[in-house]
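J.: Got a file for you: start_36.cif, mmCIF, C-alpha atoms.
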```
data_start
loop_
_atom_site.label_atom_id
_atom_site.label_comp_id
_atom_site.auth_asym_id
_atom_site.auth_seq_id
_atom_site.Cartn_x
_atom_site.Cartn_y
_atom_site.Cartn_z
CA MET A 12 -37.01 -45.62 -35.83
CA SER A 13 -39.89 -47.12 -37.83
CA GLU A 14 -39.76 -50.32 -35.81
CA PRO A 15 -39.07 -49.36 -32.22
CA ALA A 16 -40.56 -52.59 -30.94
CA ALA A 17 -38.01 -54.69 -32.80
CA GLU A 18 -35.19 -52.44 -31.66
CA HIS A 19 -36.20 -52.73 -28.01
CA HIS A 20 -35.76 -56.50 -28.03
CA ASP A 21 -32.13 -55.77 -27.27
CA PRO A 22 -32.08 -54.38 -23.71
CA VAL A 23 -28.66 -52.76 -24.17
CA VAL A 24 -29.83 -50.86 -27.26
CA ALA A 25 -33.03 -49.89 -25.42
CA PHE A 26 -31.04 -48.55 -22.48
CA GLU A 27 -28.68 -46.57 -24.74
CA SER A 28 -31.62 -45.14 -26.71
CA ALA A 29 -33.38 -44.06 -23.52
CA LYS A 30 -30.19 -42.36 -22.36
CA LEU A 31 -29.79 -40.44 -25.63
CA GLY A 32 -33.45 -39.46 -25.45
CA LEU A 33 -33.03 -38.12 -21.94
CA TRP A 34 -29.87 -36.20 -22.82
CA THR A 35 -31.77 -34.68 -25.76
CA PHE A 36 -34.49 -33.57 -23.35
CA LEU A 37 -31.81 -32.13 -21.06
CA ALA A 38 -30.47 -30.20 -24.08
CA THR A 39 -33.83 -28.41 -24.34
CA GLU A 40 -33.65 -27.76 -20.60
CA VAL A 41 -30.17 -26.23 -20.95
CA LEU A 42 -31.59 -23.82 -23.52
CA LEU A 43 -34.68 -23.05 -21.38
CA PHE A 44 -32.54 -22.05 -18.41
CA GLY A 45 -29.92 -20.70 -20.82
CA ALA A 46 -32.32 -18.02 -22.03
CA LEU A 47 -32.78 -16.88 -18.42
CA PHE A 48 -29.03 -16.98 -17.73
CA THR A 49 -28.52 -14.86 -20.86
CA ALA A 50 -31.09 -12.33 -19.60
CA TYR A 51 -29.31 -12.32 -16.24
CA ILE A 52 -25.93 -11.57 -17.86
CA VAL A 53 -27.34 -8.81 -20.10
CA PHE A 54 -29.09 -6.99 -17.23
CA ARG A 55 -26.25 -7.54 -14.80
CA LEU A 56 -23.92 -5.80 -17.26
CA LYS A 57 -26.49 -3.02 -17.77
CA TYR A 58 -27.30 -2.39 -14.07
CA PRO A 59 -24.27 -3.59 -12.04
CA ASP A 60 -25.01 -1.32 -9.06
CA LEU A 61 -28.63 -2.41 -8.80
CA PHE A 62 -27.64 -6.10 -8.92
CA HIS A 63 -24.98 -5.54 -6.29
CA ALA A 64 -27.37 -3.75 -3.93
CA GLU A 65 -30.30 -6.16 -4.42
CA HIS A 66 -28.43 -9.46 -4.17
CA GLY A 67 -27.46 -8.50 -0.61
CA LYS A 68 -31.15 -8.72 0.32
CA LEU A 69 -31.19 -12.47 -0.31
CA ASN A 70 -30.46 -14.80 2.60
CA ARG A 71 -27.05 -16.28 1.80
CA VAL A 72 -27.24 -18.83 4.64
CA LEU A 73 -30.61 -20.22 3.52
CA GLY A 74 -29.30 -20.40 -0.05
CA ALA A 75 -26.24 -22.33 1.13
CA VAL A 76 -28.40 -24.67 3.24
CA ASN A 77 -30.54 -25.41 0.19
CA THR A 78 -27.41 -26.09 -1.86
CA VAL A 79 -26.29 -28.69 0.68
CA VAL A 80 -29.83 -30.15 0.74
CA LEU A 81 -29.88 -30.60 -3.07
CA ILE A 82 -26.35 -32.02 -3.21
CA THR A 83 -27.30 -34.57 -0.53
CA SER A 84 -30.46 -35.44 -2.47
CA SER A 85 -28.30 -36.11 -5.53
CA LEU A 86 -26.06 -38.42 -3.49
CA THR A 87 -29.02 -40.50 -2.28
CA VAL A 88 -30.29 -40.84 -5.87
CA ALA A 89 -26.84 -42.04 -7.00
CA LEU A 90 -26.67 -44.51 -4.10
CA GLY A 91 -30.20 -45.76 -4.86
CA ILE A 92 -29.36 -46.49 -8.50
CA ASP A 93 -26.09 -48.11 -7.40
CA ALA A 94 -28.04 -50.41 -5.08
CA VAL A 95 -30.35 -51.51 -7.93
CA LYS A 96 -27.34 -52.20 -10.17
CA LYS A 97 -25.97 -54.49 -7.46
CA GLY A 98 -29.22 -56.44 -7.29
CA LYS A 99 -30.64 -54.68 -4.23
CA ALA A 100 -33.67 -53.05 -5.83
CA ARG A 101 -35.58 -53.32 -2.56
CA LEU A 102 -33.26 -50.65 -1.11
CA LEU A 103 -34.22 -48.10 -3.78
CA PRO A 104 -37.41 -46.82 -2.07
CA ARG A 105 -35.36 -45.91 1.01
CA TYR A 106 -32.73 -43.92 -0.96
CA PHE A 107 -35.20 -42.27 -3.35
CA GLY A 108 -37.52 -41.63 -0.37
CA ALA A 109 -34.70 -39.67 1.25
CA THR A 110 -34.28 -37.67 -1.97
CA ILE A 111 -38.01 -36.87 -2.13
CA LEU A 112 -37.92 -35.80 1.52
CA LEU A 113 -34.90 -33.54 0.89
CA ALA A 114 -36.67 -32.08 -2.15
CA GLY A 115 -39.56 -31.24 0.18
CA VAL A 116 -37.13 -29.56 2.59
CA PHE A 117 -35.71 -27.54 -0.33
CA LEU A 118 -39.18 -26.29 -1.31
CA CYS A 119 -40.06 -25.46 2.33
CA VAL A 120 -36.90 -23.33 2.63
CA LYS A 121 -37.81 -21.68 -0.68
CA TYR A 122 -41.28 -20.98 0.71
CA VAL A 123 -39.77 -19.36 3.82
CA GLU A 124 -37.50 -17.24 1.61
CA TYR A 125 -40.31 -16.10 -0.70
CA THR A 126 -42.55 -15.26 2.28
CA GLU A 127 -39.78 -13.23 3.89
CA LYS A 128 -39.13 -11.33 0.65
CA PHE A 129 -42.85 -10.62 0.14
CA HIS A 130 -43.00 -9.41 3.73
CA HIS A 131 -40.26 -6.88 2.93
CA GLY A 132 -42.10 -5.73 -0.17
CA LEU A 133 -39.79 -7.49 -2.62
CA PHE A 134 -41.96 -8.81 -5.46
CA PRO A 135 -41.27 -9.96 -9.03
CA SER A 136 -42.34 -6.48 -10.14
CA THR A 137 -39.96 -4.68 -7.72
CA ASN A 138 -37.01 -4.50 -10.12
CA ILE A 139 -35.19 -6.48 -12.78
CA PHE A 140 -33.04 -8.35 -10.22
CA PHE A 141 -36.05 -9.67 -8.34
CA SER A 142 -37.91 -10.37 -11.61
CA LEU A 143 -35.03 -12.64 -12.61
CA TYR A 144 -34.70 -14.10 -9.09
CA TYR A 145 -38.36 -15.17 -8.92
CA MET A 146 -38.44 -16.35 -12.54
CA MET A 147 -35.24 -18.44 -12.29
CA THR A 148 -35.86 -19.93 -8.85
CA GLY A 149 -39.58 -20.37 -9.65
CA ILE A 150 -38.96 -22.38 -12.82
CA HIS A 151 -36.28 -24.33 -10.96
CA GLY A 152 -38.76 -24.97 -8.13
CA ILE A 153 -41.29 -26.36 -10.63
CA HIS A 154 -38.54 -28.71 -11.81
CA VAL A 155 -37.99 -29.86 -8.22
CA LEU A 156 -41.73 -30.52 -7.90
CA ILE A 157 -41.81 -32.53 -11.15
CA GLY A 158 -38.70 -34.42 -10.00
CA MET A 159 -40.49 -35.42 -6.80
CA GLY A 160 -43.30 -36.86 -8.92
CA VAL A 161 -40.95 -38.76 -11.23
CA LEU A 162 -38.90 -40.18 -8.34
CA SER A 163 -42.11 -41.25 -6.57
CA TYR A 164 -43.14 -43.13 -9.71
CA VAL A 165 -39.80 -44.98 -9.73
CA VAL A 166 -40.30 -45.86 -6.04
CA VAL A 167 -43.67 -47.40 -6.97
CA LEU A 168 -41.99 -49.39 -9.78
CA ALA A 169 -39.36 -50.68 -7.34
CA ARG A 170 -41.99 -51.64 -4.76
CA ARG A 171 -43.83 -53.62 -7.44
CA GLY A 172 -40.63 -55.50 -8.19
CA ARG A 173 -40.32 -54.04 -11.68
CA LEU A 174 -36.67 -53.02 -11.30
CA SER A 175 -33.63 -55.30 -11.16
CA GLU A 176 -29.91 -55.35 -11.93
CA THR A 177 -30.82 -56.23 -15.54
CA TYR A 178 -33.55 -53.57 -15.93
CA TYR A 179 -33.19 -50.25 -14.14
CA THR A 180 -33.76 -47.79 -17.00
CA PRO A 181 -36.47 -45.73 -15.21
CA ALA A 182 -34.23 -45.34 -12.14
CA GLU A 183 -31.25 -44.22 -14.22
CA MET A 184 -33.38 -41.76 -16.28
CA SER A 185 -35.03 -40.20 -13.22
CA GLY A 186 -31.55 -39.91 -11.72
CA LEU A 187 -30.18 -38.07 -14.78
CA TYR A 188 -33.08 -35.61 -14.55
CA TRP A 189 -32.63 -35.08 -10.81
CA HIS A 190 -28.89 -34.48 -11.10
CA PHE A 191 -29.63 -31.91 -13.80
CA VAL A 192 -32.01 -30.07 -11.44
CA ASP A 193 -29.17 -30.08 -8.88
CA LEU A 194 -26.75 -28.83 -11.56
CA VAL A 195 -28.96 -25.83 -12.42
CA TRP A 196 -29.09 -24.85 -8.74
CA ILE A 197 -25.29 -25.12 -8.53
CA TYR A 198 -25.19 -22.13 -10.95
CA LEU A 199 -28.26 -20.29 -9.63
CA PHE A 200 -26.93 -20.16 -6.08
CA PRO A 201 -23.70 -18.19 -6.74
CA LEU A 202 -25.24 -16.04 -9.50
CA LEU A 203 -28.18 -14.86 -7.39
CA TYR A 204 -26.97 -15.11 -3.78
CA LEU A 205 -23.21 -14.65 -3.89
CA ILE A 206 -22.16 -12.33 -6.71
CA GLY A 207 -25.39 -10.65 -7.89
CA MET B 20 -25.48 -51.97 -19.17
CA SER B 21 -22.60 -51.31 -16.88
CA HIS B 22 -22.87 -52.65 -13.39
CA GLY B 23 -21.78 -50.69 -10.36
CA SER B 24 -18.39 -51.81 -9.17
CA ALA B 25 -17.61 -52.38 -5.51
CA GLY B 26 -15.85 -49.03 -5.31
CA SER B 27 -18.67 -46.95 -6.82
CA ARG B 28 -20.20 -46.11 -3.43
CA ARG B 29 -16.86 -44.79 -2.22
CA ILE B 30 -16.58 -42.62 -5.33
CA TYR B 31 -20.06 -41.19 -4.72
CA TYR B 32 -19.21 -40.33 -1.11
CA GLY B 33 -15.94 -38.75 -2.27
CA VAL B 34 -17.75 -36.62 -4.87
CA PHE B 35 -20.31 -35.63 -2.23
CA ALA B 36 -17.54 -34.53 0.17
CA ALA B 37 -15.89 -32.50 -2.62
CA LEU B 38 -19.21 -30.82 -3.53
CA ILE B 39 -19.89 -29.84 0.10
CA THR B 40 -16.31 -28.56 0.54
CA LEU B 41 -16.56 -26.45 -2.64
CA THR B 42 -19.92 -25.05 -1.45
CA VAL B 43 -18.37 -23.99 1.87
CA VAL B 44 -15.39 -22.43 0.06
CA THR B 45 -17.54 -20.46 -2.39
CA VAL B 46 -19.71 -19.09 0.43
CA MET B 47 -16.65 -18.08 2.47
CA VAL B 48 -15.00 -16.38 -0.52
CA SER B 49 -18.22 -14.43 -1.16
CA TYR B 50 -17.73 -12.62 2.19
CA ILE B 51 -14.32 -11.33 1.04
CA ASP B 52 -14.43 -8.39 -1.35
CA LEU B 53 -12.18 -9.27 -4.29
CA GLY B 54 -13.96 -7.06 -6.81
CA LEU B 55 -14.42 -8.73 -10.19
CA LEU B 56 -12.37 -11.69 -8.99
CA ASN B 57 -15.37 -12.72 -6.84
CA VAL B 58 -17.34 -13.43 -10.02
CA ALA B 59 -14.50 -15.44 -11.55
CA VAL B 60 -13.98 -17.54 -8.39
CA ALA B 61 -17.72 -18.20 -7.94
CA LEU B 62 -18.17 -19.29 -11.57
CA LEU B 63 -15.02 -21.40 -11.50
CA ILE B 64 -16.16 -23.23 -8.36
CA ALA B 65 -19.69 -23.66 -9.75
CA SER B 66 -18.25 -25.15 -12.95
CA ALA B 67 -16.01 -27.51 -10.96
CA LYS B 68 -19.08 -28.66 -8.99
CA ALA B 69 -21.16 -29.03 -12.17
CA SER B 70 -18.37 -31.10 -13.76
CA LEU B 71 -18.24 -33.42 -10.73
CA VAL B 72 -22.02 -33.94 -10.88
CA ALA B 73 -22.01 -34.59 -14.64
CA LEU B 74 -18.92 -36.86 -14.65
CA PHE B 75 -19.74 -39.04 -11.65
CA PHE B 76 -23.41 -38.73 -10.64
CA MET B 77 -24.61 -38.56 -14.26
CA HIS B 78 -22.00 -41.17 -15.29
CA LEU B 79 -20.60 -39.12 -18.18
CA LYS B 80 -17.14 -40.42 -17.28
CA GLY B 81 -17.80 -43.89 -18.65
CA GLU B 82 -20.06 -42.83 -21.52
CA SER B 83 -19.50 -43.20 -25.25
CA GLY B 84 -18.51 -40.31 -27.48
CA LEU B 85 -22.09 -40.20 -28.74
CA VAL B 86 -23.51 -39.40 -25.27
CA TRP B 87 -20.71 -36.84 -24.73
CA GLY B 88 -21.78 -35.22 -27.99
CA PHE B 89 -25.40 -35.05 -26.82
CA ALA B 90 -24.22 -33.47 -23.55
CA LEU B 91 -21.80 -30.94 -25.03
CA VAL B 92 -23.65 -29.68 -28.13
CA PRO B 93 -26.29 -27.78 -26.05
CA ILE B 94 -23.46 -26.15 -24.05
CA PHE B 95 -21.97 -24.98 -27.35
CA PHE B 96 -25.32 -23.54 -28.45
CA LEU B 97 -25.79 -21.83 -25.09
CA ALA B 98 -22.36 -20.20 -25.48
CA LEU B 99 -23.38 -19.13 -28.99
CA ILE B 100 -26.65 -17.59 -27.70
CA ILE B 101 -24.85 -15.70 -24.93
CA PHE B 102 -22.09 -14.54 -27.28
CA GLY B 103 -24.52 -13.45 -29.99
CA THR B 104 -26.78 -11.61 -27.54
CA LEU B 105 -23.87 -9.79 -25.93
CA LEU B 106 -22.53 -8.78 -29.35
CA ASP B 107 -25.83 -7.00 -29.85
CA THR B 108 -26.44 -5.52 -26.40
CA GLN B 109 -22.86 -4.48 -25.64
CA LEU B 110 -21.86 -3.08 -29.03
CA ARG B 111 -25.13 -1.50 -30.04
#
```
I'd like the structure from this file rewritten - as structure tokens, please.

T.:
Amino acid sequence: MSEPAAEHHDPVVAFESAKLGLWTFLATEVLLFGALFTAYIVFRLKYPDLFHAEHGKLNRVLGAVNTVVLITSSLTVALGIDAVKKGKARLLPRYFGATILLAGVFLCVKYVEYTEKFHHGLFPSTNIFFSLYYMMTGIHGIHVLIGMGVLSYVVVLARRGRLSETYYTPAEMSGLYWHFVDLVWIYLFPLLYLIG
Amino acid sequence: MSHGSAGSRRIYYGVFAALITLTVVTVMVSYIDLGLLNVAVALLIASAKASLVALFFMHLKGESGLVWGFALVPIFFLALIIFGTLLDTQLR
């Protein structure tokens, strides 16, 4: 680790190191969301009736739509990286652009949901279920926003011709992060909307 | 670096179809009252979806044991945190 420059002369080693670094970052993310999931489990066991009554106030259809939106956005990221690996880096902006657009759709739906809840007097301070709902989906939403920024940066790199089938580390790393954001939602959706 | 094979696109579309199907199933099951079984089914389907994303989209399937270790150790710690917390809150 004292001579990273020397180590990075080997592109394979550099790629593997970047991957391990990103998985380490994702480990901290697992524990960040993990703390919230733990809180959810503790309070769900403590107030089962409240959770059951309150989760029915969430819009299951909008939640499902957003699940499909995020899954599709993950697919386009995977296809974009696949294109770069096959030497078609110029196609990446189109695929990642679709992902960024879908991320925008996700946040718009979230905005509609929040507005509707506020309108019905359901705020983070209303009860423990809605505290957790706003906290978990809010932190997840911030992750979506950051993801949009990271993916945009990779689009810029691709447009400048910086990515190729021999060097696509930024694309792969942004993809790992984006799939993780999708993965968190895959658990948030049933926990909050379906079985609360 | 591993290069995408010709069949990788087909795998991605297959995984996508499976994820959408599982989403539809989990939403439909949520409208049927199965009591505690609802929770089990929802978590089982979510975990199946999460596994598909990790294995294929995040390429864990072809990764070395080292990367697998980096991916699984935090899951172990999360389980430990949940277990330890519940030991306290449920048995207090």

J.: Which residues of chain A sit at most 8 Å from chain B, using all atoms listed in the file? Give each one's shortest atom pair and distance in Å (one decimal place), in chain and ascending residue order, as CSV.

T.:
```
residue,atom,partner,partner_atom,distance
A:Val23,CA,B:Met20,CA,6.0
A:Phe26,CA,B:Met20,CA,7.3
A:Lys30,CA,B:Val86,CA,7.9
A:Leu31,CA,B:Val86,CA,6.4
A:Trp34,CA,B:Phe89,CA,6.1
A:Thr35,CA,B:Phe89,CA,6.5
A:Ala38,CA,B:Pro93,CA,5.2
A:Thr39,CA,B:Pro93,CA,7.8
A:Val41,CA,B:Pro93,CA,6.6
A:Leu42,CA,B:Leu97,CA,6.3
A:Gly45,CA,B:Leu97,CA,6.0
A:Thr49,CA,B:Ile101,CA,5.5
A:Val53,CA,B:Leu105,CA,6.9
A:Arg71,CA,B:Val46,CA,8.0
A:Ala75,CA,B:Val46,CA,7.3
A:Thr78,CA,B:Thr42,CA,7.6
A:Val79,CA,B:Ile39,CA,6.5
A:Ile82,CA,B:Phe35,CA,7.1
A:Thr83,CA,B:Phe35,CA,7.3
A:Ser85,CA,B:Phe76,CA,7.5
A:Leu86,CA,B:Phe35,CA,6.5
A:Ala89,CA,B:Phe76,CA,6.0
A:Leu90,CA,B:Arg28,CA,6.7
A:Asp93,CA,B:Gly23,CA,5.8
A:Lys96,CA,B:His22,CA,5.5
A:Lys97,CA,B:Gly23,CA,6.4
A:Glu176,CA,B:His22,CA,7.7
A:Thr177,CA,B:Met20,CA,7.7
A:Gly186,CA,B:Met77,CA,7.5
A:Leu187,CA,B:Met77,CA,5.6
A:His190,CA,B:Met77,CA,6.7
A:Leu194,CA,B:Ala69,CA,5.6
A:Ile197,CA,B:Ala65,CA,5.9
A:Tyr198,CA,B:Ala65,CA,5.8
A:Pro201,CA,B:Ala61,CA,6.1
A:Leu202,CA,B:Ala61,CA,8.0
A:Leu205,CA,B:Ser49,CA,5.7
A:Ile206,CA,B:Val58,CA,5.9
```

J.: Suppose you want the space between CA of Pro181 in chain A and CA of Phe44 in chain A; what is it in Å?

T.: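 Interatomic distance here is 24.2 Å.
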
J.: By how many Å are CA of Leu61 in chain A and CA of Asn138 in chain A apart?

T.: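 So the answer is 8.7 Å.
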
J.: Quick one: distance from CA of Asn70 in chain A to CA of Thr126 in chain A in Å, one decimal?

T.: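 Separation of CA of Asn70 in chain A and CA of Thr126 in chain A: 12.1 Å.
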
J.: Using the chain letters and numbering of this document, enumerate as a PDB file with C-alpha atoms, in the frame of the given file the residues selected by the PyMOL selection byres ((chain A and resi 100) around 10).

T.:
```
ATOM      1  CA  GLY A  91     -30.200 -45.760  -4.860  1.00  0.00           C
ATOM      2  CA  ILE A  92     -29.360 -46.490  -8.500  1.00  0.00           C
ATOM      3  CA  ASP A  93     -26.090 -48.110  -7.400  1.00  0.00           C
ATOM      4  CA  ALA A  94     -28.040 -50.410  -5.080  1.00  0.00           C
ATOM      5  CA  VAL A  95     -30.350 -51.510  -7.930  1.00  0.00           C
ATOM      6  CA  LYS A  96     -27.340 -52.200 -10.170  1.00  0.00           C
ATOM      7  CA  LYS A  97     -25.970 -54.490  -7.460  1.00  0.00           C
ATOM      8  CA  GLY A  98     -29.220 -56.440  -7.290  1.00  0.00           C
ATOM      9  CA  LYS A  99     -30.640 -54.680  -4.230  1.00  0.00           C
ATOM     10  CA  ARG A 101     -35.580 -53.320  -2.560  1.00  0.00           C
ATOM     11  CA  LEU A 102     -33.260 -50.650  -1.110  1.00  0.00           C
ATOM     12  CA  LEU A 103     -34.220 -48.100  -3.780  1.00  0.00           C
ATOM     13  CA  PRO A 104     -37.410 -46.820  -2.070  1.00  0.00           C
ATOM     14  CA  VAL A 166     -40.300 -45.860  -6.040  1.00  0.00           C
ATOM     15  CA  LEU A 168     -41.990 -49.390  -9.780  1.00  0.00           C
ATOM     16  CA  ALA A 169     -39.360 -50.680  -7.340  1.00  0.00           C
ATOM     17  CA  ARG A 170     -41.990 -51.640  -4.760  1.00  0.00           C
ATOM     18  CA  GLY A 172     -40.630 -55.500  -8.190  1.00  0.00           C
ATOM     19  CA  ARG A 173     -40.320 -54.040 -11.680  1.00  0.00           C
ATOM     20  CA  LEU A 174     -36.670 -53.020 -11.300  1.00  0.00           C
ATOM     21  CA  SER A 175     -33.630 -55.300 -11.160  1.00  0.00           C
ATOM     22  CA  GLU A 176     -29.910 -55.350 -11.930  1.00  0.00           C
ATOM     23  CA  TYR A 179     -33.190 -50.250 -14.140  1.00  0.00           C
ATOM     24  CA  ALA A 182     -34.230 -45.340 -12.140  1.00  0.00           C
TER      25      ALA A 182
END
```

J.: Ranking A:His63, A:Gly160, A:Tyr188, A:Glu40 by minimum distance to Asp52 in chain B and counting all atoms listed in the file, which one comes first?

T.: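 Residue with the minimum atom-to-atom distance to Asp52 in chain B: A:His63.
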
J.: Would you please work out which residue, of A:Lys128, A:Phe140, A:Phe107, A:Val72, is nearest to Leu56 in chain A when using only C-alpha atoms?

T.: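 So, comparing all the options, the nearest one is A:Phe140.
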
J.: Find the residues with any atom within 12 Å of (-37.7, -6.8, -9.3); use only C-alpha atoms and the coordinates as given in the file, and write the answer as a ChimeraX atom specification.

T.: /A:54,61-62,65-66,68,128-129,132-146

J.: List the spatial neighbours of range 108-111 of chain A as a ChimeraX atom specification - criterion: any atom at most 7 Å away, all atoms listed in the file, same-chain residues fewer than 4 positions off excluded.

T.: /A:84,87-88,104,115,159
